[in-house]
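Okay, target_33.cif is below, mmCIF, C-alpha atoms:
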```cif
data_upload
loop_
_atom_site.group_PDB
_atom_site.id
_atom_site.type_symbol
_atom_site.label_atom_id
_atom_site.label_comp_id
_atom_site.auth_asym_id
_atom_site.auth_seq_id
_atom_site.Cartn_x
_atom_site.Cartn_y
_atom_site.Cartn_z
ATOM 1 C CA MET A 1 110.484 -125.641 273.872
ATOM 2 C CA GLU A 2 112.764 -126.256 276.851
ATOM 3 C CA GLU A 3 113.479 -129.921 277.542
ATOM 4 C CA THR A 4 111.937 -131.344 280.731
ATOM 5 C CA ASN A 5 111.750 -134.713 282.431
ATOM 6 C CA TYR A 6 107.958 -134.553 282.590
ATOM 7 C CA ASP A 7 105.927 -136.930 280.455
ATOM 8 C CA LYS A 8 102.488 -135.398 281.104
ATOM 9 C CA LYS A 9 100.878 -132.059 280.273
ATOM 10 C CA SER A 10 99.742 -129.719 283.040
ATOM 11 C CA GLY A 11 98.752 -126.112 283.534
ATOM 12 C CA PHE A 12 96.284 -123.510 284.752
ATOM 13 C CA VAL A 13 93.455 -122.449 282.425
ATOM 14 C CA ALA A 14 91.483 -119.255 283.088
ATOM 15 C CA ILE A 15 87.866 -119.175 281.880
ATOM 16 C CA LEU A 16 86.842 -115.639 280.912
ATOM 17 C CA GLY A 17 83.571 -114.152 279.698
ATOM 18 C CA ARG A 18 80.717 -111.769 280.404
ATOM 19 C CA PRO A 19 78.241 -112.563 283.229
ATOM 20 C CA ASN A 20 75.790 -115.398 282.527
ATOM 21 C CA VAL A 21 77.621 -116.639 279.441
ATOM 22 C CA GLY A 22 78.028 -120.124 280.920
ATOM 23 C CA LYS A 23 81.519 -120.136 282.463
ATOM 24 C CA SER A 24 80.584 -122.042 285.614
ATOM 25 C CA THR A 25 78.377 -124.481 283.720
ATOM 26 C CA LEU A 26 81.260 -125.138 281.321
ATOM 27 C CA MET A 27 83.720 -125.777 284.140
ATOM 28 C CA ASN A 28 81.332 -128.057 286.031
ATOM 29 C CA HIS A 29 80.827 -130.191 282.919
ATOM 30 C CA LEU A 30 84.539 -130.274 282.103
ATOM 31 C CA ILE A 31 85.374 -131.832 285.480
ATOM 32 C CA GLY A 32 82.211 -133.943 285.681
ATOM 33 C CA GLN A 33 81.023 -132.511 289.006
ATOM 34 C CA LYS A 34 79.082 -129.477 290.127
ATOM 35 C CA ILE A 35 81.410 -127.294 292.175
ATOM 36 C CA ALA A 36 80.636 -123.744 291.017
ATOM 37 C CA ILE A 37 77.116 -122.459 291.586
ATOM 38 C CA VAL A 38 74.982 -121.541 288.592
ATOM 39 C CA SER A 39 72.058 -119.166 288.081
ATOM 40 C CA LYS A 40 70.732 -116.772 285.459
ATOM 41 C CA LYS A 41 71.413 -113.739 287.647
ATOM 42 C CA ALA A 42 74.507 -111.568 287.315
ATOM 43 C CA GLN A 43 77.321 -111.816 289.893
ATOM 44 C CA THR A 44 76.631 -115.503 290.535
ATOM 45 C CA THR A 45 80.388 -116.154 290.525
ATOM 46 C CA ARG A 46 82.083 -113.589 292.760
ATOM 47 C CA LYS A 47 85.534 -115.070 293.244
ATOM 48 C CA GLU A 48 87.902 -117.483 291.582
ATOM 49 C CA VAL A 49 86.813 -121.118 291.805
ATOM 50 C CA LYS A 50 89.597 -123.611 291.180
ATOM 51 C CA THR A 51 88.846 -127.147 289.973
ATOM 52 C CA VAL A 52 91.076 -129.970 288.774
ATOM 53 C CA TRP A 53 90.768 -132.474 285.927
ATOM 54 C CA THR A 54 93.300 -135.306 285.918
ATOM 55 C CA GLU A 55 93.615 -138.087 283.350
ATOM 56 C CA GLU A 56 96.253 -140.132 281.527
ATOM 57 C CA ARG A 57 97.352 -137.132 279.428
ATOM 58 C CA GLY A 58 97.991 -134.965 282.462
ATOM 59 C CA GLN A 59 96.214 -132.377 284.601
ATOM 60 C CA ILE A 60 94.234 -129.217 283.839
ATOM 61 C CA VAL A 61 93.514 -126.783 286.660
ATOM 62 C CA PHE A 62 90.486 -124.711 285.646
ATOM 63 C CA LEU A 63 90.113 -121.209 287.082
ATOM 64 C CA ASP A 64 86.529 -119.971 286.874
ATOM 65 C CA THR A 65 86.340 -116.189 287.149
ATOM 66 C CA PRO A 66 83.602 -113.651 287.866
ATOM 67 C CA GLY A 67 81.933 -112.236 284.783
ATOM 68 C CA MET A 68 83.561 -109.096 283.399
ATOM 69 C CA LEU A 69 81.617 -106.147 284.793
ATOM 70 C CA LYS A 70 81.815 -102.520 285.851
ATOM 71 C CA ALA A 71 82.874 -102.112 289.481
ATOM 72 C CA GLU A 72 80.181 -100.206 291.389
ATOM 73 C CA ASN A 73 81.411 -100.979 294.925
ATOM 74 C CA ARG A 74 84.305 -102.591 296.792
ATOM 75 C CA LEU A 75 82.921 -106.056 296.059
ATOM 76 C CA GLY A 76 82.910 -105.192 292.349
ATOM 77 C CA GLU A 77 86.513 -104.006 292.641
ATOM 78 C CA PHE A 78 87.429 -107.307 294.308
ATOM 79 C CA MET A 79 85.748 -109.236 291.496
ATOM 80 C CA LEU A 80 87.656 -107.308 288.835
ATOM 81 C CA GLN A 81 90.891 -107.942 290.713
ATOM 82 C CA GLU A 82 90.024 -111.661 290.788
ATOM 83 C CA ILE A 83 89.706 -111.642 287.004
ATOM 84 C CA HIS A 84 93.035 -109.902 286.415
ATOM 85 C CA GLU A 85 94.985 -111.902 289.014
ATOM 86 C CA THR A 86 93.567 -115.194 287.731
ATOM 87 C CA PHE A 87 94.411 -114.188 284.177
ATOM 88 C CA LYS A 88 98.008 -113.376 285.149
ATOM 89 C CA SER A 89 98.508 -116.727 286.897
ATOM 90 C CA SER A 90 97.130 -118.833 284.035
ATOM 91 C CA ASP A 91 99.026 -120.740 281.350
ATOM 92 C CA ALA A 92 96.173 -120.573 278.843
ATOM 93 C CA VAL A 93 92.797 -118.883 278.436
ATOM 94 C CA VAL A 94 89.358 -120.059 277.371
ATOM 95 C CA TRP A 95 87.232 -117.099 276.279
ATOM 96 C CA ILE A 96 83.590 -118.119 276.249
ATOM 97 C CA VAL A 97 81.049 -116.087 274.247
ATOM 98 C CA GLU A 98 77.544 -116.460 272.842
ATOM 99 C CA PRO A 99 76.413 -116.429 269.179
ATOM 100 C CA VAL A 100 75.743 -112.692 269.037
ATOM 101 C CA LYS A 101 75.555 -110.382 266.019
ATOM 102 C CA ARG A 102 77.589 -107.577 267.572
ATOM 103 C CA ILE A 103 80.247 -107.243 270.232
ATOM 104 C CA GLY A 104 79.288 -105.414 273.407
ATOM 105 C CA ARG A 105 81.239 -103.185 275.771
ATOM 106 C CA LEU A 106 82.087 -105.998 278.188
ATOM 107 C CA GLU A 107 83.519 -108.049 275.328
ATOM 108 C CA ASP A 108 85.549 -104.993 274.257
ATOM 109 C CA ARG A 109 87.163 -104.942 277.704
ATOM 110 C CA ILE A 110 88.075 -108.615 277.418
ATOM 111 C CA ILE A 111 89.482 -107.990 273.933
ATOM 112 C CA GLN A 112 91.738 -105.274 275.386
ATOM 113 C CA LEU A 113 93.018 -107.764 277.941
ATOM 114 C CA LEU A 114 93.584 -110.578 275.445
ATOM 115 C CA SER A 115 94.997 -108.550 272.564
ATOM 116 C CA VAL A 116 98.254 -107.820 274.412
ATOM 117 C CA THR A 117 98.912 -111.263 275.909
ATOM 118 C CA LYS A 118 101.147 -114.017 274.604
ATOM 119 C CA LYS A 119 99.143 -116.695 276.393
ATOM 120 C CA PRO A 120 97.458 -119.233 274.096
ATOM 121 C CA ILE A 121 93.742 -118.479 273.799
ATOM 122 C CA ILE A 122 90.871 -120.732 272.776
ATOM 123 C CA LEU A 123 87.634 -119.081 271.673
ATOM 124 C CA VAL A 124 84.530 -121.026 272.686
ATOM 125 C CA VAL A 125 81.112 -120.103 271.324
ATOM 126 C CA ASN A 126 78.649 -121.493 273.859
ATOM 127 C CA LYS A 127 74.943 -122.373 273.585
ATOM 128 C CA CYS A 128 75.317 -123.803 270.090
ATOM 129 C CA ASP A 129 72.273 -125.968 270.840
ATOM 130 C CA GLU A 130 70.095 -122.844 271.171
ATOM 131 C CA TYR A 131 71.033 -121.216 267.853
ATOM 132 C CA LYS A 132 70.982 -122.165 264.196
ATOM 133 C CA PRO A 133 74.346 -123.380 262.796
ATOM 134 C CA GLU A 134 74.654 -120.318 260.554
ATOM 135 C CA ALA A 135 74.356 -118.036 263.614
ATOM 136 C CA VAL A 136 77.142 -119.937 265.359
ATOM 137 C CA GLU A 137 79.355 -119.742 262.250
ATOM 138 C CA ALA A 138 78.660 -116.007 261.930
ATOM 139 C CA ALA A 139 79.684 -115.476 265.570
ATOM 140 C CA LEU A 140 82.901 -117.405 265.028
ATOM 141 C CA ARG A 141 83.738 -115.201 262.056
ATOM 142 C CA LEU A 142 82.842 -112.059 264.002
ATOM 143 C CA TYR A 143 85.175 -112.842 266.890
ATOM 144 C CA GLN A 144 87.980 -113.928 264.598
ATOM 145 C CA SER A 145 88.081 -110.341 263.291
ATOM 146 C CA VAL A 146 88.609 -108.568 266.646
ATOM 147 C CA GLY A 147 92.409 -108.537 266.645
ATOM 148 C CA VAL A 148 92.954 -111.447 269.057
ATOM 149 C CA THR A 149 94.971 -114.460 267.929
ATOM 150 C CA PHE A 150 93.249 -117.734 268.796
ATOM 151 C CA ARG A 151 94.995 -121.091 268.928
ATOM 152 C CA ASP A 152 91.632 -122.759 268.306
ATOM 153 C CA THR A 153 87.928 -121.889 267.937
ATOM 154 C CA LEU A 154 85.153 -124.233 269.007
ATOM 155 C CA ALA A 155 81.367 -124.301 269.257
ATOM 156 C CA VAL A 156 79.977 -126.040 272.348
ATOM 157 C CA SER A 157 76.956 -126.457 274.559
ATOM 158 C CA ALA A 158 78.167 -126.253 278.144
ATOM 159 C CA LEU A 159 74.709 -127.226 279.383
ATOM 160 C CA ARG A 160 74.513 -130.413 277.305
ATOM 161 C CA GLY A 161 78.234 -131.183 277.176
ATOM 162 C CA THR A 162 78.411 -130.936 273.380
ATOM 163 C CA GLY A 163 81.918 -130.221 272.088
ATOM 164 C CA LEU A 164 83.638 -130.476 275.471
ATOM 165 C CA PRO A 165 85.849 -133.505 274.610
ATOM 166 C CA ALA A 166 87.213 -131.461 271.691
ATOM 167 C CA LEU A 167 87.890 -128.568 274.085
ATOM 168 C CA LYS A 168 89.881 -130.836 276.401
ATOM 169 C CA ASP A 169 91.838 -132.125 273.395
ATOM 170 C CA ALA A 170 92.636 -128.550 272.355
ATOM 171 C CA LEU A 171 93.773 -127.642 275.870
ATOM 172 C CA PHE A 172 96.076 -130.630 276.197
ATOM 173 C CA ASP A 173 97.546 -129.718 272.808
ATOM 174 C CA ILE A 174 98.584 -126.250 273.986
ATOM 175 C CA LEU A 175 99.547 -126.871 277.626
ATOM 176 C CA PRO A 176 103.225 -127.490 278.413
ATOM 177 C CA TYR A 177 104.716 -130.638 279.877
ATOM 178 C CA GLY A 178 105.019 -130.198 283.609
ATOM 179 C CA PRO A 179 104.359 -131.496 287.115
ATOM 180 C CA MET A 180 100.994 -132.550 288.521
ATOM 181 C CA TYR A 181 100.018 -129.755 290.909
ATOM 182 C CA TYR A 182 97.434 -131.863 292.733
ATOM 183 C CA ASP A 183 96.983 -135.538 293.505
ATOM 184 C CA GLU A 184 94.680 -137.576 291.290
ATOM 185 C CA GLU A 185 91.792 -137.467 293.786
ATOM 186 C CA THR A 186 91.641 -133.678 294.090
ATOM 187 C CA VAL A 187 88.693 -132.016 292.365
ATOM 188 C CA THR A 188 88.731 -128.579 293.982
ATOM 189 C CA GLU A 189 90.523 -126.423 296.545
ATOM 190 C CA GLU A 190 87.202 -125.201 297.889
ATOM 191 C CA THR A 191 86.483 -126.392 301.431
ATOM 192 C CA GLU A 192 83.204 -128.034 302.400
ATOM 193 C CA ARG A 193 82.310 -124.911 304.396
ATOM 194 C CA GLU A 194 82.899 -122.698 301.362
ATOM 195 C CA ILE A 195 80.876 -124.964 299.089
ATOM 196 C CA ALA A 196 78.061 -125.173 301.656
ATOM 197 C CA ALA A 197 77.916 -121.368 301.855
ATOM 198 C CA GLU A 198 77.697 -121.145 298.077
ATOM 199 C CA MET A 199 74.893 -123.729 298.059
ATOM 200 C CA VAL A 200 72.827 -121.467 300.307
ATOM 201 C CA ARG A 201 73.609 -118.468 298.102
ATOM 202 C CA GLU A 202 72.701 -120.405 294.961
ATOM 203 C CA ALA A 203 69.327 -121.347 296.462
ATOM 204 C CA ALA A 204 68.722 -117.701 297.343
ATOM 205 C CA LEU A 205 69.719 -116.573 293.844
ATOM 206 C CA ARG A 206 67.233 -118.951 292.287
ATOM 207 C CA LEU A 207 64.327 -118.180 294.602
ATOM 208 C CA LEU A 208 64.557 -114.483 295.478
ATOM 209 C CA ASP A 209 63.417 -111.398 293.601
ATOM 210 C CA GLN A 210 65.806 -109.885 291.076
ATOM 211 C CA GLU A 211 67.024 -106.942 293.165
ATOM 212 C CA VAL A 212 67.766 -108.840 296.390
ATOM 213 C CA PRO A 213 70.482 -111.420 295.514
ATOM 214 C CA HIS A 214 73.090 -108.836 294.481
ATOM 215 C CA GLY A 215 73.230 -107.623 298.081
ATOM 216 C CA ILE A 216 73.518 -110.948 299.909
ATOM 217 C CA ALA A 217 76.377 -113.027 301.234
ATOM 218 C CA VAL A 218 76.351 -116.253 303.231
ATOM 219 C CA GLU A 219 78.443 -117.052 306.295
ATOM 220 C CA ILE A 220 78.716 -120.584 307.709
ATOM 221 C CA GLU A 221 78.953 -120.071 311.459
ATOM 222 C CA GLU A 222 78.970 -123.693 312.601
ATOM 223 C CA MET A 223 79.491 -126.975 310.787
ATOM 224 C CA HIS A 224 80.212 -130.231 312.570
ATOM 225 C CA LEU A 225 79.424 -133.921 312.285
ATOM 226 C CA ARG A 226 77.748 -135.533 315.267
ATOM 227 C CA ASP A 227 79.775 -138.103 317.165
ATOM 228 C CA ASP A 228 77.754 -141.003 315.771
ATOM 229 C CA GLY A 229 78.313 -139.753 312.206
ATOM 230 C CA SER A 230 74.588 -139.596 311.491
ATOM 231 C CA ILE A 231 73.991 -135.859 310.939
ATOM 232 C CA TYR A 232 75.883 -132.682 310.067
ATOM 233 C CA ASP A 233 74.689 -129.708 312.088
ATOM 234 C CA ILE A 234 75.155 -126.540 310.043
ATOM 235 C CA SER A 235 74.267 -123.002 311.075
ATOM 236 C CA ALA A 236 74.472 -120.234 308.481
ATOM 237 C CA SER A 237 73.555 -116.585 308.169
ATOM 238 C CA ILE A 238 72.296 -114.898 305.039
ATOM 239 C CA ILE A 239 73.681 -111.365 305.030
ATOM 240 C CA CYS A 240 71.663 -108.592 303.359
ATOM 241 C CA GLU A 241 72.078 -104.829 303.095
ATOM 242 C CA LYS A 242 68.565 -103.562 303.815
ATOM 243 C CA LYS A 243 65.916 -104.240 306.443
ATOM 244 C CA SER A 244 63.322 -104.454 303.669
ATOM 245 C CA HIS A 245 65.347 -107.256 302.064
ATOM 246 C CA LYS A 246 65.406 -109.172 305.345
ATOM 247 C CA GLY A 247 61.625 -109.444 305.243
ATOM 248 C CA ILE A 248 61.713 -110.659 301.631
ATOM 249 C CA ILE A 249 64.331 -113.304 302.435
ATOM 250 C CA ILE A 250 62.354 -114.580 305.429
ATOM 251 C CA GLY A 251 59.015 -114.437 303.607
ATOM 252 C CA LYS A 252 55.504 -114.635 304.948
ATOM 253 C CA GLU A 253 55.560 -116.760 308.110
ATOM 254 C CA GLY A 254 59.082 -117.845 307.207
ATOM 255 C CA SER A 255 58.028 -119.423 303.909
ATOM 256 C CA MET A 256 60.927 -118.143 301.770
ATOM 257 C CA ILE A 257 63.775 -118.915 304.151
ATOM 258 C CA LYS A 258 62.324 -122.409 304.577
ATOM 259 C CA ARG A 259 62.386 -122.890 300.784
ATOM 260 C CA ILE A 260 65.960 -121.631 300.615
ATOM 261 C CA GLY A 261 66.988 -123.918 303.462
ATOM 262 C CA ARG A 262 65.259 -126.962 302.009
ATOM 263 C CA THR A 263 66.857 -126.458 298.582
ATOM 264 C CA ALA A 264 70.348 -125.936 300.041
ATOM 265 C CA ARG A 265 70.002 -128.827 302.497
ATOM 266 C CA ILE A 266 69.295 -131.335 299.722
ATOM 267 C CA ARG A 267 72.442 -130.193 297.873
ATOM 268 C CA MET A 268 74.511 -130.392 301.060
ATOM 269 C CA GLU A 269 73.328 -133.914 301.787
ATOM 270 C CA ASP A 270 74.413 -134.986 298.310
ATOM 271 C CA MET A 271 77.855 -133.459 298.882
ATOM 272 C CA LEU A 272 78.379 -134.726 302.431
ATOM 273 C CA GLU A 273 76.633 -138.070 301.856
ATOM 274 C CA THR A 274 74.781 -137.856 305.151
ATOM 275 C CA LYS A 275 71.785 -136.108 306.685
ATOM 276 C CA VAL A 276 72.048 -132.368 307.334
ATOM 277 C CA ASN A 277 70.351 -130.263 309.982
ATOM 278 C CA LEU A 278 70.537 -126.778 308.443
ATOM 279 C CA GLN A 279 69.586 -123.716 310.452
ATOM 280 C CA LEU A 280 69.374 -120.366 308.641
ATOM 281 C CA ARG A 281 68.972 -116.837 309.919
ATOM 282 C CA VAL A 282 69.148 -113.414 308.304
ATOM 283 C CA LYS A 283 71.382 -110.516 309.336
ATOM 284 C CA VAL A 284 71.339 -106.935 308.071
ATOM 285 C CA ARG A 285 74.747 -105.385 307.434
ATOM 286 C CA GLU A 286 74.138 -102.090 305.672
ATOM 287 C CA ASP A 287 76.426 -101.431 302.717
ATOM 288 C CA TRP A 288 78.587 -104.492 303.493
ATOM 289 C CA ARG A 289 79.735 -104.616 299.872
ATOM 290 C CA ASN A 290 81.734 -101.422 300.512
ATOM 291 C CA SER A 291 83.328 -102.629 303.746
ATOM 292 C CA ASP A 292 86.774 -104.242 303.591
ATOM 293 C CA THR A 293 86.150 -105.805 307.005
ATOM 294 C CA TYR A 294 82.889 -107.464 305.964
ATOM 295 C CA LEU A 295 84.286 -108.518 302.577
ATOM 296 C CA LYS A 296 87.107 -110.432 304.285
ATOM 297 C CA GLU A 297 84.736 -111.844 306.900
ATOM 298 C CA TYR A 298 82.441 -113.231 304.209
ATOM 299 C CA GLY A 299 85.269 -114.825 302.228
ATOM 300 C CA TYR A 300 86.012 -112.208 299.562
ATOM 301 C CA LYS A 301 89.779 -112.101 299.880
ATOM 302 C CA ARG A 302 92.626 -113.362 297.746
ATOM 303 C CA LYS A 303 93.767 -116.889 298.565
ATOM 304 C CA ARG A 304 97.278 -116.385 297.237
#
```
Could you spell out this file's structure in structure tokens?
Amino acid sequence: MEETNYDKKSGFVAILGRPNVGKSTLMNHLIGQKIAIVSKKAQTTRKEVKTVWTEERGQIVFLDTPGMLKAENRLGEFMLQEIHETFKSSDAVVWIVEPVKRIGRLEDRIIQLLSVTKKPIILVVNKCDEYKPEAVEAALRLYQSVGVTFRDTLAVSALRGTGLPALKDALFDILPYGPMYYDEETVTEETEREIAAEMVREAALRLLDQEVPHGIAVEIEEMHLRDDGSIYDISASIICEKKSHKGIIIGKEGSMIKRIGRTARIRMEDMLETKVNLQLRVKVREDWRNSDTYLKEYGYKRKR
């Protein structure tokens, strides 16, 4: 290893996996704060979310990625590009899987990506609290036979935090000595506007019917703190692709959009540590997921 003057470890760690395997939950627990939104629906994470963990050993910059999927529109193409660009810029990889008996097509695509890299890879079998120990051990053996070289293999529960200290230990073992990329107080590069938009989308994901959330985006149109510092006024639009979806999002006599707004507002108040006046409306933008203009407008563009 090349000699350096650095006395701490640092590096960028990409978190890869299929949709709904627990990538965002894992990252949130690793840094001790909820930054990335979480739901049981696919496409919850649509773009790279960068978070930072700093301690006496050094600094880990976690890069949460969208779940590996098949691109069915321009948004899907953007998400796949996010995965590949994040992977290329990382120093190490955490591949998170579940205790399954067979490997699916999405895992095969990740295997193709990992089998030709020289980056150190840690295999993490998640949800070990939901399966019997023998099922977890069988999954570990299964993935160790796929032709990918792992620097370490671990069983964890991202939801409960089980095994995460060992994962941090393993990451600090493999990361190089280097500079701190962020100051000690930095937790994420995401702006408050971006996080607020994701809070609205998370509320919608949790409350809406299965077919609707895939076609929504959220745009924060106004966000400012009143002069006396007492209240944040936030105006946001929920973007959908069909007029029929607009009615579902609004709900009977506005019942659904009120639930979405109430859920998101509580989260925003926790983040901003002050009262929030949140106003939501719904816009229809047909086929926005195939429009480069709308994708950029709603925040789906590369940051680097």
Next item on the list: Starting from the shown file, work through the PyMOL selection byres ((chain A and resi 225) around 10) and note down what comes out as a ChimeraX atom specification.
Entry: /A:223-224,226-234,272,274-276
What separates CA of Ile220 in chain A and CA of Ile238 in chain A is a distance of 9.0 Å
Exercise for the section: Using all atoms listed in the file, collect all residues at a distance of at most 12 Å from (86.3, -105.8, 270.2) as written in the file, then present them as a ChimeraX atom specification. Expected result: /A:102-115,142-148
Worksheet entry | Residues matched by the PyMOL selection byres ((chain A and resi 79-86) around 12), written as a count of residues only | 52
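For the structure in this document, the set picked by the PyMOL selection byres ((chain A and resi 166) around 12) is Leu30, Ile122, Val124, Asp152, Thr153, Leu154, Ala155, Val156, Ser157, Gly161, Thr162, Gly163, Leu164, Pro165, Leu167, Lys168, Asp169, Ala170, Leu171, Phe172 and Asp173 of chain A.
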Counting only C-alpha atoms, I want the residues whose atoms come within 10 Å of (85.4, -121.5, 305.1) in the file frame, returned as number ranges by chain. A: 190-197, 219-221, 223, 297-299
Just to be explicit: take each residue in the selection above, keep C-alpha atoms, and write the result as a tab-separated table (two decimals), in the coordinates of the input.
```tsv
chain	number	residue	atom	x	y	z
A	190	GLU	CA	87.20	-125.20	297.89
A	191	THR	CA	86.48	-126.39	301.43
A	192	GLU	CA	83.20	-128.03	302.40
A	193	ARG	CA	82.31	-124.91	304.40
A	194	GLU	CA	82.90	-122.70	301.36
A	195	ILE	CA	80.88	-124.96	299.09
A	196	ALA	CA	78.06	-125.17	301.66
A	197	ALA	CA	77.92	-121.37	301.86
A	219	GLU	CA	78.44	-117.05	306.30
A	220	ILE	CA	78.72	-120.58	307.71
A	221	GLU	CA	78.95	-120.07	311.46
A	223	MET	CA	79.49	-126.98	310.79
A	297	GLU	CA	84.74	-111.84	306.90
A	298	TYR	CA	82.44	-113.23	304.21
A	299	GLY	CA	85.27	-114.82	302.23
```
Expressed in Å, the length from CA of Lys8 in chain A to CA of Pro176 in chain A is 8.4 Å
Put the listed atoms of range 125-129 of chain A in a box along x, y and z with 5 Å added on every side and give me the centre and edge lengths in Å to one decimal, as AutoDock Vina command-line options.
```
--center_x 76.7 --center_y -123.0 --center_z 272.0 --size_x 18.8 --size_y 15.9 --size_z 13.8
```
Using only C-alpha atoms, which residues sit within 7 Å of Phe150 in chain A once same-chain residues fewer than 5 positions away are excluded, as number ranges by chain? A: 120-123
Spatial neighbours of Leu207 in chain A, max dist 9 Å, all atoms listed in the file, sep filter under 5 positions, as a ChimeraX atom specification: /A:202,256,259-260
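Counting all atoms listed in the file and comparing A:Val21, A:Met180, A:Ala204, A:Ile174, the residue that lies closest to Thr54 in chain A is A:Met180.
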If you count only C-alpha atoms, the residue of A:Val100, A:Leu159, A:Asn290, A:Leu208 closest to Asp129 in chain A turns out to be A:Leu159
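Of the listed residues (A:Glu134, A:Asp209, A:Glu98, A:Glu55), A:Glu55 comes nearest to Val187 in chain A; the distances count only C-alpha atoms.
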Would you kindly return, as an mmCIF file with C-alpha atoms, in the frame of the given file, each protein, DNA or RNA residue with an atom no farther than 8 Å from any atom of His29 in chain A, considering only C-alpha atoms and excluding same-chain residues fewer than 2 positions away?
```
data_model
loop_
_atom_site.group_PDB
_atom_site.id
_atom_site.type_symbol
_atom_site.label_atom_id
_atom_site.label_comp_id
_atom_site.auth_asym_id
_atom_site.auth_seq_id
_atom_site.Cartn_x
_atom_site.Cartn_y
_atom_site.Cartn_z
ATOM 1 C CA THR A 25 78.377 -124.481 283.720
ATOM 2 C CA LEU A 26 81.260 -125.138 281.321
ATOM 3 C CA MET A 27 83.720 -125.777 284.140
ATOM 4 C CA ILE A 31 85.374 -131.832 285.480
ATOM 5 C CA GLY A 32 82.211 -133.943 285.681
ATOM 6 C CA GLN A 33 81.023 -132.511 289.006
ATOM 7 C CA LYS A 34 79.082 -129.477 290.127
ATOM 8 C CA ALA A 158 78.167 -126.253 278.144
ATOM 9 C CA LEU A 159 74.709 -127.226 279.383
ATOM 10 C CA GLY A 161 78.234 -131.183 277.176
ATOM 11 C CA LEU A 164 83.638 -130.476 275.471
#
```
note - CA of Ser10 in chain A and CA of Gly58 in chain A are separated by 5.6 Å
Taking the partial coordinates given, rebuild range 129-140 of chain A to contain N, CA, C and O atoms; return it as an mmCIF file, keeping the file's coordinate frame.
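Saved result, out25.cif, follows:
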```cif
data_model
loop_
_atom_site.group_PDB
_atom_site.id
_atom_site.type_symbol
_atom_site.label_atom_id
_atom_site.label_comp_id
_atom_site.auth_asym_id
_atom_site.auth_seq_id
_atom_site.Cartn_x
_atom_site.Cartn_y
_atom_site.Cartn_z
ATOM 1 N N ASP A 129 73.520 -125.208 270.947
ATOM 2 C CA ASP A 129 72.273 -125.968 270.840
ATOM 3 C C ASP A 129 71.054 -125.058 270.775
ATOM 4 O O ASP A 129 69.967 -125.499 270.394
ATOM 5 N N GLU A 130 71.225 -123.770 271.127
ATOM 6 C CA GLU A 130 70.095 -122.844 271.171
ATOM 7 C C GLU A 130 69.999 -121.975 269.917
ATOM 8 O O GLU A 130 69.045 -121.211 269.775
ATOM 9 N N TYR A 131 70.992 -122.069 269.035
ATOM 10 C CA TYR A 131 71.033 -121.216 267.853
ATOM 11 C C TYR A 131 71.189 -122.066 266.590
ATOM 12 O O TYR A 131 71.700 -123.181 266.637
ATOM 13 N N LYS A 132 70.794 -121.491 265.467
ATOM 14 C CA LYS A 132 70.982 -122.165 264.196
ATOM 15 C C LYS A 132 72.473 -122.208 263.858
ATOM 16 O O LYS A 132 73.229 -121.311 264.240
ATOM 17 N N PRO A 133 72.917 -123.246 263.131
ATOM 18 C CA PRO A 133 74.346 -123.380 262.796
ATOM 19 C C PRO A 133 74.916 -122.148 262.109
ATOM 20 O O PRO A 133 76.069 -121.763 262.367
ATOM 21 N N GLU A 134 74.134 -121.490 261.252
ATOM 22 C CA GLU A 134 74.654 -120.318 260.554
ATOM 23 C C GLU A 134 74.910 -119.157 261.514
ATOM 24 O O GLU A 134 75.818 -118.350 261.307
ATOM 25 N N ALA A 135 74.121 -119.081 262.607
ATOM 26 C CA ALA A 135 74.356 -118.036 263.614
ATOM 27 C C ALA A 135 75.642 -118.304 264.383
ATOM 28 O O ALA A 135 76.401 -117.370 264.696
ATOM 29 N N VAL A 136 75.911 -119.566 264.668
ATOM 30 C CA VAL A 136 77.142 -119.937 265.359
ATOM 31 C C VAL A 136 78.353 -119.643 264.474
ATOM 32 O O VAL A 136 79.348 -119.073 264.928
ATOM 33 N N GLU A 137 78.257 -120.003 263.190
ATOM 34 C CA GLU A 137 79.355 -119.742 262.250
ATOM 35 C C GLU A 137 79.596 -118.241 262.095
ATOM 36 O O GLU A 137 80.744 -117.787 262.023
ATOM 37 N N ALA A 138 78.518 -117.458 262.056
ATOM 38 C CA ALA A 138 78.660 -116.007 261.930
ATOM 39 C C ALA A 138 79.361 -115.423 263.156
ATOM 40 O O ALA A 138 80.193 -114.515 263.043
ATOM 41 N N ALA A 139 79.040 -115.951 264.345
ATOM 42 C CA ALA A 139 79.684 -115.476 265.570
ATOM 43 C C ALA A 139 81.169 -115.818 265.574
ATOM 44 O O ALA A 139 82.010 -115.006 265.977
ATOM 45 N N LEU A 140 81.501 -117.014 265.114
ATOM 46 C CA LEU A 140 82.901 -117.405 265.028
ATOM 47 C C LEU A 140 83.672 -116.454 264.113
ATOM 48 O O LEU A 140 84.779 -116.008 264.440
#
```
